[in-house]
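**Student:** A single structure is presented below for examination.
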Amino acid sequence: MPSRPSSAAPRSVTFSITPHRANLPLMGVAVRAIVAEMKLGVDATAALDMAVIELVANLIRYGYSEEAPEGALVLSLTETATGVQVVMTDQGRPMMPLAENEVYVCGNTDMTTLPDSAHSLLLACAMVDKLSYAHLDGCNVLELTCHY
């Protein structure tokens, strides 16, 4: 697998989109281009891309009004020594009920108890090496990691 030279500084890209379905194709192109530049590898790039698109589509479907989506969905992609980390934040409705300061970590929850609004987590969990979700200070926060 390709790896980033240890002397290179970590690279990071952050961008935002209006949370509307019409923006999904553009966001997908941006994520693929950025991750490809980070040399993640073909299979891992495809998996990360599918996970991000699935989660963003879910956030838009359950978190916002179709007629008047408000706010922004912010994506940050960071190249690390071992792969790529993606952090997504938005101000839509929570994906699932969590206690204050509780964090959902992929694989640590009975999947049969997830509400419909969180089913995309099941698919995304199968595509990435690490996934967590929290609703902090009025924001959904999803963190995904794919290794080289």
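Each chain in the structure tokens gets a letter, A, B, ..., in the order shown, and its residues are numbered from 1; ligands are numbered from 1 in order too.
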Neighbouring residues of region 30-36 of chain A were defined as those with any atom within 8 Å, considering only C-alpha atoms; residues of the same chain fewer than 2 positions away were excluded. Please report them as a list of chain:residue names.

**Tutor:**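 So the residues in contact are A:Val13, A:Leu26, A:Met27, A:Gly28, A:Met38, A:Lys39, A:Leu40, A:Gly41, A:Val42, A:Thr45, A:Ala46, A:Asp49, A:Leu77, A:Val84.
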
**Student:** As a list in words, please: the residues near Leu136 (chain A) (cut-off 10 Å, only C-alpha atoms, same-chain neighbours under 6 positions excluded).

**Tutor:**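 Listing them by chain and then by number gives Thr89, Gln91, Pro94, Leu98, Glu100, Asn101, Glu102 and Val103 of chain A.
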
**Student:** Which value, in Å to one decimal, gives the distance between CA of Val141 (chain A) and CA of Ala72 (chain A)?

**Tutor:**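 Straight-line distance from CA of Val141 (chain A) to CA of Ala72 (chain A) works out to 12.7 Å.
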
**Student:** Please provide the set of residues having any atom within 7 Å of Met127 (chain A), restricted to only C-alpha atoms, with same-chain residues fewer than 4 positions apart removed, written as an MDAnalysis selection string.

**Tutor:** chainID A and resid 47:48 51 123

**Student:** What is the CA of Tyr148 (chain A)-CA of Asn58 (chain A) distance in Å, reported with one decimal?

**Tutor:**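 Separating CA of Tyr148 (chain A) from CA of Asn58 (chain A) is a distance of 26.3 Å.
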
**Student:** Using only C-alpha atoms for the distances, tell me which of A:Thr14, A:Thr82, A:Asn23, A:Thr145 is nearest to Ala124 (chain A).

**Tutor:** A:Thr145

**Student:** Where in region 82-147 of chain A does DSSP assign strand (DSSP E), given as a PyMOL selection string?

**Tutor:** chain A and resi 83-90+104-105+130-136+139-147

**Student:** For CA of Ile53 (chain A) and CA of Ala126 (chain A), determine how far apart the two atoms are, in Å to one decimal place.

**Tutor:** 13.9 Å

**Student:** Using only C-alpha atoms, which protein or nucleic acid residues come within 9 Å of Pro115 (chain A)? Drop anything in the same chain fewer than 3 positions from it, and give the result as a ChimeraX atom specification.

**Tutor:** /A:95-97,112,118-119

**Student:** Pick out the closest residue to Val52 (chain A) from this set: A:Ala9, A:Val105, A:Val29, A:Ala134. Count only C-alpha atoms.

**Tutor:**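 That would be A:Val29, the residue with the smallest distance to Val52 (chain A).
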
**Student:** List every residue of chain A that DSSP, applied to the backbone of this structure, places in helix (DSSP H, G or I), and write the result as a PyMOL selection string.

**Tutor:** chain A and resi 21-37+42-63+111-113+116-118+120-127

**Student:** Just the residues within 8 Å of Gly71 (chain A), please, counting only C-alpha atoms, with nothing from its chain fewer than 3 positions along; format it as a PyMOL selection string.

**Tutor:** chain A and resi 18-19+90-92

**Student:** Using only C-alpha atoms, please write the residues we just selected to a file, as a PDB file, in the first residue's frame.

**Tutor:**
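Printed below is again-v6.pdb as written:
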ATOM      1  CA  THR A  18     -25.698  23.633   1.584  1.00  0.00           C
ATOM      2  CA  PRO A  19     -27.469  20.499   2.875  1.00  0.00           C
ATOM      3  CA  ASP A  90     -23.883  19.930  10.527  1.00  0.00           C
ATOM      4  CA  GLN A  91     -26.704  21.551  12.507  1.00  0.00           C
ATOM      5  CA  GLY A  92     -29.528  19.264  11.350  1.00  0.00           C
TER       6      GLY A  92
END

**Student:** Rank nothing, just name the residue among A:Ile17, A:Ile60, A:Leu122, A:Leu55 nearest to Arg93 (chain A), using only C-alpha atoms.

**Tutor:**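 Using only C-alpha atoms, the shortest distance to Arg93 (chain A) belongs to A:Ile60.
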